[in-house]
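Participant: For reference, this is start.cif, and it has mmCIF, C-alpha atoms.
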```
data_coords
#
loop_
_atom_site.label_atom_id
_atom_site.label_comp_id
_atom_site.auth_asym_id
_atom_site.auth_seq_id
_atom_site.Cartn_x
_atom_site.Cartn_y
_atom_site.Cartn_z
CA MET K 136 7.88 -19.39 -5.48
CA ILE K 137 5.43 -20.52 -2.79
CA ALA K 138 3.61 -23.74 -3.61
CA LYS K 139 -0.15 -23.65 -3.35
CA ASP K 140 -1.89 -26.31 -1.30
CA GLU K 141 -5.42 -27.62 -1.76
CA ASP K 142 -6.93 -25.05 0.64
CA ASP K 143 -5.39 -22.19 -1.35
CA GLU K 144 -6.79 -23.55 -4.61
CA VAL K 145 -10.26 -23.96 -3.11
CA ARG K 146 -10.16 -20.42 -1.74
CA GLU K 147 -9.06 -19.00 -5.10
CA ARG K 148 -11.84 -20.83 -6.92
CA LEU K 149 -14.39 -19.42 -4.48
CA GLU K 150 -12.97 -15.92 -4.91
CA ASP K 151 -13.06 -16.28 -8.69
CA GLU K 152 -16.71 -17.29 -8.57
CA ILE K 153 -17.59 -14.34 -6.36
CA ARG K 154 -15.61 -11.79 -8.39
CA ASP K 155 -16.83 -13.21 -11.67
CA ASN K 156 -20.22 -11.52 -11.29
CA THR K 157 -20.39 -8.38 -13.40
CA GLY K 158 -24.02 -7.35 -13.09
CA ALA K 159 -27.37 -7.91 -11.45
CA ILE K 160 -28.19 -10.88 -13.71
CA SER K 161 -24.92 -12.59 -12.78
CA TYR K 162 -25.80 -12.37 -9.09
CA VAL K 163 -29.18 -14.00 -9.72
CA PHE K 164 -27.85 -16.49 -12.27
CA PRO K 165 -24.10 -16.88 -11.48
CA ARG K 166 -21.61 -18.61 -13.73
CA PRO K 167 -21.38 -21.93 -11.81
CA VAL K 168 -25.17 -22.28 -12.06
CA ARG K 169 -25.13 -21.32 -15.75
CA LYS K 170 -22.52 -23.97 -16.51
CA VAL K 171 -24.59 -26.66 -14.79
CA VAL K 172 -27.78 -25.58 -16.57
CA TRP K 173 -26.20 -25.38 -20.03
CA GLY K 174 -24.45 -28.71 -19.55
CA ALA K 175 -27.46 -30.55 -18.11
CA PHE K 176 -29.96 -29.30 -20.67
CA GLY K 177 -27.48 -29.83 -23.51
CA ALA K 178 -26.83 -33.42 -22.43
CA ASN K 179 -30.58 -34.01 -22.07
CA SER K 180 -31.24 -32.65 -25.59
CA PHE K 181 -28.48 -34.80 -27.07
CA TRP K 182 -29.73 -37.90 -25.26
CA GLY K 183 -33.27 -37.18 -26.47
CA ALA K 184 -31.97 -36.92 -30.03
CA LEU K 185 -30.34 -40.35 -29.74
CA VAL K 186 -33.54 -41.91 -28.39
CA LEU K 187 -35.66 -40.33 -31.12
CA TRP K 188 -33.16 -41.37 -33.81
CA THR K 189 -33.36 -44.98 -32.62
CA ARG K 190 -37.15 -44.84 -32.83
CA TYR K 191 -37.02 -43.16 -36.24
CA ALA K 192 -34.65 -45.83 -37.53
CA ALA K 193 -37.07 -48.54 -36.34
CA GLU K 194 -40.40 -46.97 -37.33
CA GLY K 195 -39.50 -44.34 -39.96
CA ASP K 196 -41.81 -41.65 -38.51
CA GLU K 197 -40.92 -38.29 -40.07
CA ALA K 198 -42.05 -36.46 -36.91
CA ASP K 199 -39.30 -38.26 -34.98
CA LEU K 200 -36.71 -37.10 -37.53
CA SER K 201 -37.90 -33.50 -37.16
CA ASN K 202 -37.61 -33.81 -33.38
CA VAL K 203 -34.11 -35.26 -33.71
CA ILE K 204 -33.01 -32.23 -35.72
CA GLY K 205 -34.61 -29.85 -33.21
CA ASN K 206 -32.93 -31.57 -30.25
CA LEU K 207 -29.55 -31.54 -31.97
CA GLU K 208 -29.89 -27.83 -32.74
CA THR K 209 -30.76 -27.15 -29.09
CA ALA K 210 -27.84 -29.27 -27.90
CA ALA K 211 -25.50 -27.41 -30.26
CA VAL K 212 -26.63 -24.00 -29.00
CA LEU K 213 -26.24 -25.07 -25.37
CA ALA K 214 -22.81 -26.56 -26.13
CA VAL K 215 -21.72 -23.20 -27.59
CA LEU K 216 -23.02 -21.38 -24.49
CA LEU K 217 -21.18 -23.83 -22.23
CA ALA K 218 -17.95 -23.44 -24.22
CA PHE K 219 -18.30 -19.66 -24.02
CA GLU K 220 -18.69 -19.83 -20.22
CA PHE K 221 -15.43 -21.79 -19.88
CA TRP K 222 -13.62 -19.48 -22.32
CA ASP K 223 -14.86 -16.31 -20.64
CA GLU K 224 -14.02 -17.69 -17.21
CA GLY K 225 -10.43 -18.32 -18.28
CA ARG K 226 -10.21 -14.89 -19.92
CA ARG K 227 -11.44 -13.12 -16.79
CA LYS K 228 -9.09 -15.07 -14.53
CA SER K 229 -6.17 -14.18 -16.78
CA PHE K 230 -7.23 -10.52 -16.79
CA ARG K 231 -7.46 -10.43 -12.99
CA LYS K 232 -4.09 -12.13 -12.63
CA ASN K 233 -2.42 -9.64 -14.98
CA LEU K 234 -4.19 -6.71 -13.30
CA THR K 235 -3.02 -7.87 -9.87
CA SER K 236 0.56 -8.22 -11.15
CA ARG K 237 0.48 -4.69 -12.60
CA GLN K 238 -0.94 -3.29 -9.36
CA VAL K 239 1.88 -4.95 -7.40
CA ALA K 240 4.49 -3.65 -9.87
CA ILE K 241 3.32 -0.03 -9.67
CA GLY K 242 2.90 -0.10 -5.90
CA ASP K 243 -0.89 0.01 -5.64
CA ARG K 244 -1.13 -3.50 -4.19
CA GLU K 245 0.89 -4.98 -1.34
CA VAL K 246 1.86 -8.65 -1.06
CA TYR K 247 1.78 -10.33 2.35
CA LYS K 248 3.13 -13.66 3.56
CA LYS K 249 1.69 -15.33 6.61
CA VAL K 250 2.66 -18.56 8.36
CA ASP K 251 -0.26 -20.81 9.21
CA GLU K 252 0.40 -21.74 12.84
CA SER K 253 -1.58 -24.97 12.58
CA THR K 254 0.21 -26.34 9.49
CA GLY K 255 3.41 -24.31 9.34
CA LYS K 256 2.76 -23.49 5.69
CA VAL K 257 3.50 -20.05 4.29
CA ARG K 258 0.45 -18.48 2.68
CA LYS K 259 0.73 -15.59 0.26
CA TYR K 260 -1.99 -13.03 -0.39
CA SER K 261 -2.28 -9.43 -1.55
CA LYS K 262 -4.59 -6.49 -1.10
CA LEU K 263 -4.91 -2.99 -2.50
CA LYS K 264 -3.23 -0.25 -0.53
CA PRO K 265 -5.48 2.43 0.96
CA VAL K 266 -5.83 5.73 -0.87
CA ASP K 267 -3.47 8.21 0.80
CA ASP K 268 -0.86 10.79 -0.19
CA ASP K 269 1.56 8.21 -1.62
CA TRP K 270 -1.24 6.60 -3.67
CA ILE K 271 -2.38 9.95 -5.09
CA LEU K 272 1.14 11.04 -6.02
CA ARG K 273 1.88 7.74 -7.75
CA ARG K 274 -1.36 8.00 -9.71
CA ILE K 275 -0.63 11.57 -10.87
CA ASP K 276 2.92 10.57 -11.84
CA ARG K 277 1.52 7.73 -13.97
CA TRP K 278 -1.01 10.05 -15.58
CA GLY K 279 1.88 12.29 -16.54
CA VAL K 280 3.65 9.39 -18.24
CA VAL K 281 0.49 8.36 -20.10
CA GLU K 282 -0.18 11.95 -21.18
CA THR K 283 3.36 12.27 -22.51
CA ALA K 284 3.02 9.08 -24.56
CA THR K 285 -0.41 10.10 -25.85
CA THR K 286 0.36 13.68 -26.85
CA GLY K 287 3.89 13.03 -28.10
CA GLY K 288 5.83 14.90 -25.44
CA ASN K 289 3.42 17.16 -23.53
CA PRO K 290 3.34 15.80 -19.99
CA LEU K 291 1.10 17.05 -17.21
CA PRO K 292 2.65 20.31 -16.00
CA THR K 293 3.38 19.12 -12.45
CA VAL K 294 6.74 19.44 -10.74
CA GLY K 295 7.21 15.69 -11.18
CA PRO K 296 8.76 13.13 -8.83
CA ALA K 297 12.38 14.40 -9.04
CA LYS K 298 11.60 18.06 -8.24
CA GLY K 299 8.85 16.96 -5.87
CA LYS K 300 11.41 15.05 -3.81
CA ILE K 301 13.56 18.21 -3.62
CA LEU K 302 10.55 20.22 -2.42
CA GLU K 303 9.88 17.66 0.30
CA GLU K 304 13.51 17.71 1.45
CA LEU K 305 13.48 21.54 1.65
CA VAL K 306 10.24 21.57 3.64
CA ALA K 307 11.49 18.86 6.00
CA GLU K 308 14.75 20.78 6.52
CA HIS K 309 13.30 24.23 7.17
CA ALA K 310 9.93 23.20 8.69
CA PRO K 311 7.93 26.28 7.58
CA LYS K 312 4.69 26.96 9.42
CA LEU K 313 3.02 28.44 6.33
CA ILE K 314 3.53 27.75 2.64
CA VAL K 315 1.66 29.65 -0.10
CA ASP K 316 1.43 27.85 -3.44
CA VAL K 317 0.10 29.98 -6.32
CA GLY K 318 -1.32 27.88 -9.16
CA SER K 319 -2.58 24.60 -7.72
CA PHE K 320 -3.22 22.72 -10.97
CA VAL K 321 -4.05 19.25 -9.58
CA GLY K 322 -2.51 19.94 -6.16
CA TYR K 323 0.62 17.85 -6.77
CA ALA K 324 3.17 20.31 -5.36
CA ALA K 325 0.88 21.23 -2.46
CA ILE K 326 0.55 17.60 -1.47
CA ARG K 327 4.29 17.09 -1.75
CA MET K 328 5.04 20.04 0.53
CA GLY K 329 2.08 19.75 2.89
CA ARG K 330 2.77 16.19 3.93
CA ARG K 331 6.30 17.13 5.09
CA GLN K 332 5.27 20.12 7.21
CA PRO K 333 5.36 19.87 11.00
CA GLU K 334 2.17 19.40 12.98
CA GLY K 335 0.07 22.56 13.08
CA ALA K 336 1.58 23.98 9.89
CA LEU K 337 -0.45 24.79 6.78
CA THR K 338 0.03 24.90 3.02
CA VAL K 339 -2.33 27.28 1.20
CA THR K 340 -2.68 26.62 -2.52
CA ILE K 341 -4.56 29.08 -4.76
CA GLU K 342 -6.11 28.31 -8.15
CA LYS K 343 -8.27 30.60 -10.33
CA ASP K 344 -9.44 27.93 -12.78
CA PHE K 345 -12.45 26.23 -11.23
CA ARG K 346 -11.76 22.89 -12.91
CA TRP K 347 -8.25 22.63 -11.50
CA TRP K 348 -9.32 23.99 -8.12
CA ALA K 349 -11.95 21.24 -7.90
CA SER K 350 -9.40 18.62 -8.99
CA ALA K 351 -6.82 19.84 -6.47
CA SER K 352 -9.41 19.90 -3.69
CA ARG K 353 -10.42 16.35 -4.43
CA PHE K 354 -6.85 15.02 -4.55
CA VAL K 355 -5.88 16.85 -1.37
CA TRP K 356 -8.91 15.36 0.38
CA GLN K 357 -8.09 11.87 -0.93
CA ALA K 358 -4.50 12.33 0.22
CA LYS K 359 -5.92 12.86 3.72
CA LEU K 360 -4.29 16.27 4.05
CA TRP K 361 -7.57 18.03 4.72
CA GLN K 362 -10.27 17.42 7.30
CA GLN K 363 -11.90 14.20 6.12
CA TYR K 364 -15.23 14.62 7.90
CA PRO K 365 -16.92 17.52 9.75
CA TRP K 366 -16.78 15.76 13.12
CA GLU K 367 -13.00 15.23 12.96
CA SER K 368 -10.49 17.53 14.59
CA GLU K 369 -9.20 20.43 12.49
CA SER K 370 -5.67 19.31 13.34
CA ASN K 371 -5.96 17.03 10.30
CA ARG K 372 -5.98 20.09 8.04
CA ARG K 373 -2.60 20.42 6.37
CA VAL K 374 -3.40 21.78 2.89
CA GLU K 375 -6.12 24.33 2.10
CA CYS K 376 -7.27 24.89 -1.49
CA ILE K 377 -8.56 28.40 -2.22
CA PHE K 378 -10.47 29.32 -5.38
CA GLY K 379 -9.63 32.72 -6.83
CA ASP K 380 -7.00 34.97 -8.39
CA ALA K 381 -3.96 35.30 -6.11
CA LEU K 382 -3.55 39.02 -6.98
CA GLY K 383 -7.22 39.70 -6.27
CA LEU K 384 -7.09 37.80 -2.98
CA GLN K 385 -4.03 39.83 -1.95
CA THR K 386 -6.01 43.04 -2.07
#
```
Here is the file; what I need is its structure written in the form of structure tokens.
Facilitator:
Amino acid sequence: MIAKDEDDEVRERLEDEIRDNTGAISYVFPRPVRKVVWGAFGANSFWGALVLWTRYAAEGDEADLSNVIGNLETAAVLAVLLAFEFWDEGRRKSFRKNLTSRQVAIGDREVYKKVDESTGKVRKYSKLKPVDDDWILRRIDRWGVVETATTGGNPLPTVGPAKGKILEELVAEHAPKLIVDVGSFVGYAAIRMGRRQPEGALTVTIEKDFRWWASASRFVWQAKLWQQYPWESESNRRVECIFGDALGLQT
């Protein structure tokens, strides 16, 4: 466990304040400002109630009593708002901490350690991994697990990680220049095979259902196995998704 120093704690507080904004209003009226406003106005209302109560006790003016009640009600409302800000801040920090831990556990976030040359202290930080073929395959594998749990035993009909690893080993061993995959579904098998082909090789995957063809095309593009942008070299093309019936395309 790496101990946090004062600089780390200050940095985390600043990051929490920045990430705590959830909408346009929060950017204009952020949480630190809200806490100061609620606290200052609440304290002012409570102090005003004390002053008015002292005057009411001395003079017995009913108007002062009415103002005391109004100030106390205002102070109570502002105290509730201030308490909510602290509660919600803690809840959001806990959520982000748990989310970060889950992302590290499933491989979507990478943890780094860096030695500060000026102090010699080891600093620990993490960041999300870029979206690539590994990221896409992990995500589809997790979707399969969730689908199985939700539907009571009907997982996504992909080849899965075990068979996918076998496909990759076969492609790496035989190095085919062309692979034809009939029935893309979400492009899982095509991504598995295409990323292990030698440079200049191509995997063609065919899907007749437009929804799955669109899904496969998107995942292949996100896996960076297709030309990312028009101005890039076509050498980046490794997997091509074709929409249509394989038998019809054959003729």
Participant: Just the number, please: distance in Å from CA of Leu291 in chain K to CA of Ile326 in chain K, one decimal.
Facilitator: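 Computing the Euclidean distance for CA of Leu291 in chain K and CA of Ile326 in chain K yields 15.8 Å.
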Participant: Quick one: what's the axis-aligned box for range 175-188 of chain K, all listed atoms, 8 Å on every side, centre and edges in Å to one decimal, as AutoDock Vina command-line options?
Facilitator:
```
--center_x -31.2 --center_y -35.6 --center_z -26.0 --size_x 24.8 --size_y 28.6 --size_z 31.7
```
Participant: Care to translate the PyMOL selection byres ((chain K and resi 294) around 12) into actual residues of this file, as a PyMOL selection string?
Facilitator: chain K and resi 272+275-276+279+290-293+295-303+318-328
Participant: I'd like the residues picked by the PyMOL selection byres ((chain K and resi 181-185) around 10) written out as an NGL selection string, using the chain letters and numbers from the file.
Facilitator: :K and (175-180 or 186-191 or 199-211)
Participant: Do you have the CA of Val266 in chain K-CA of Lys359 in chain K distance handy?
Facilitator: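 One can read the CA of Val266 in chain K to CA of Lys359 in chain K distance as 8.5 Å.
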Participant: Applied to the shown file, which residues does the PyMOL selection byres ((chain K and resi 238-246) around 10) return, written as an mmCIF file with C-alpha atoms, in the coordinates of the input?
Facilitator:
```
data_model
loop_
_atom_site.group_PDB
_atom_site.id
_atom_site.type_symbol
_atom_site.label_atom_id
_atom_site.label_comp_id
_atom_site.auth_asym_id
_atom_site.auth_seq_id
_atom_site.Cartn_x
_atom_site.Cartn_y
_atom_site.Cartn_z
ATOM 1 C CA LYS K 232 -4.090 -12.130 -12.630
ATOM 2 C CA ASN K 233 -2.420 -9.640 -14.980
ATOM 3 C CA LEU K 234 -4.190 -6.710 -13.300
ATOM 4 C CA THR K 235 -3.020 -7.870 -9.870
ATOM 5 C CA SER K 236 0.560 -8.220 -11.150
ATOM 6 C CA ARG K 237 0.480 -4.690 -12.600
ATOM 7 C CA TYR K 247 1.780 -10.330 2.350
ATOM 8 C CA LYS K 248 3.130 -13.660 3.560
ATOM 9 C CA LYS K 259 0.730 -15.590 0.260
ATOM 10 C CA TYR K 260 -1.990 -13.030 -0.390
ATOM 11 C CA SER K 261 -2.280 -9.430 -1.550
ATOM 12 C CA LYS K 262 -4.590 -6.490 -1.100
ATOM 13 C CA LEU K 263 -4.910 -2.990 -2.500
ATOM 14 C CA LYS K 264 -3.230 -0.250 -0.530
ATOM 15 C CA PRO K 265 -5.480 2.430 0.960
ATOM 16 C CA VAL K 266 -5.830 5.730 -0.870
ATOM 17 C CA ASP K 269 1.560 8.210 -1.620
ATOM 18 C CA TRP K 270 -1.240 6.600 -3.670
ATOM 19 C CA ARG K 273 1.880 7.740 -7.750
ATOM 20 C CA ARG K 274 -1.360 8.000 -9.710
ATOM 21 C CA ARG K 277 1.520 7.730 -13.970
#
```
Participant: Record the distance separating CA of Leu213 in chain K and CA of Ala192 in chain K, expressed in Å with one decimal.
Facilitator: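 It comes out at 25.5 Å.
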Participant: Between K:Ile341, K:Val374, K:Val163, K:Val171, which residue has the minimum interatomic distance to Leu313 in chain K, considering all atoms listed in the file?
Facilitator: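 Ranking K:Ile341, K:Val374, K:Val163, K:Val171 by distance to Leu313 in chain K, first place goes to K:Val374.
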Participant: Compare K:Arg353, K:Arg226, K:Arg373, K:Arg331 by their minimum atom-to-atom distance to Ile271 in chain K, counting only C-alpha atoms, and give me the closest one.
Facilitator: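 Checking each candidate against Ile271 in chain K, we get K:Arg353 as the closest.
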Participant: Find the spatial neighbours of Asp380 in chain K, counting all atoms listed in the file, within a cut-off of 12 Å - ignore same-chain residues fewer than 5 positions away - and output them as a PyMOL selection string.
Facilitator: chain K and resi 317-319+340-345+348+385-386
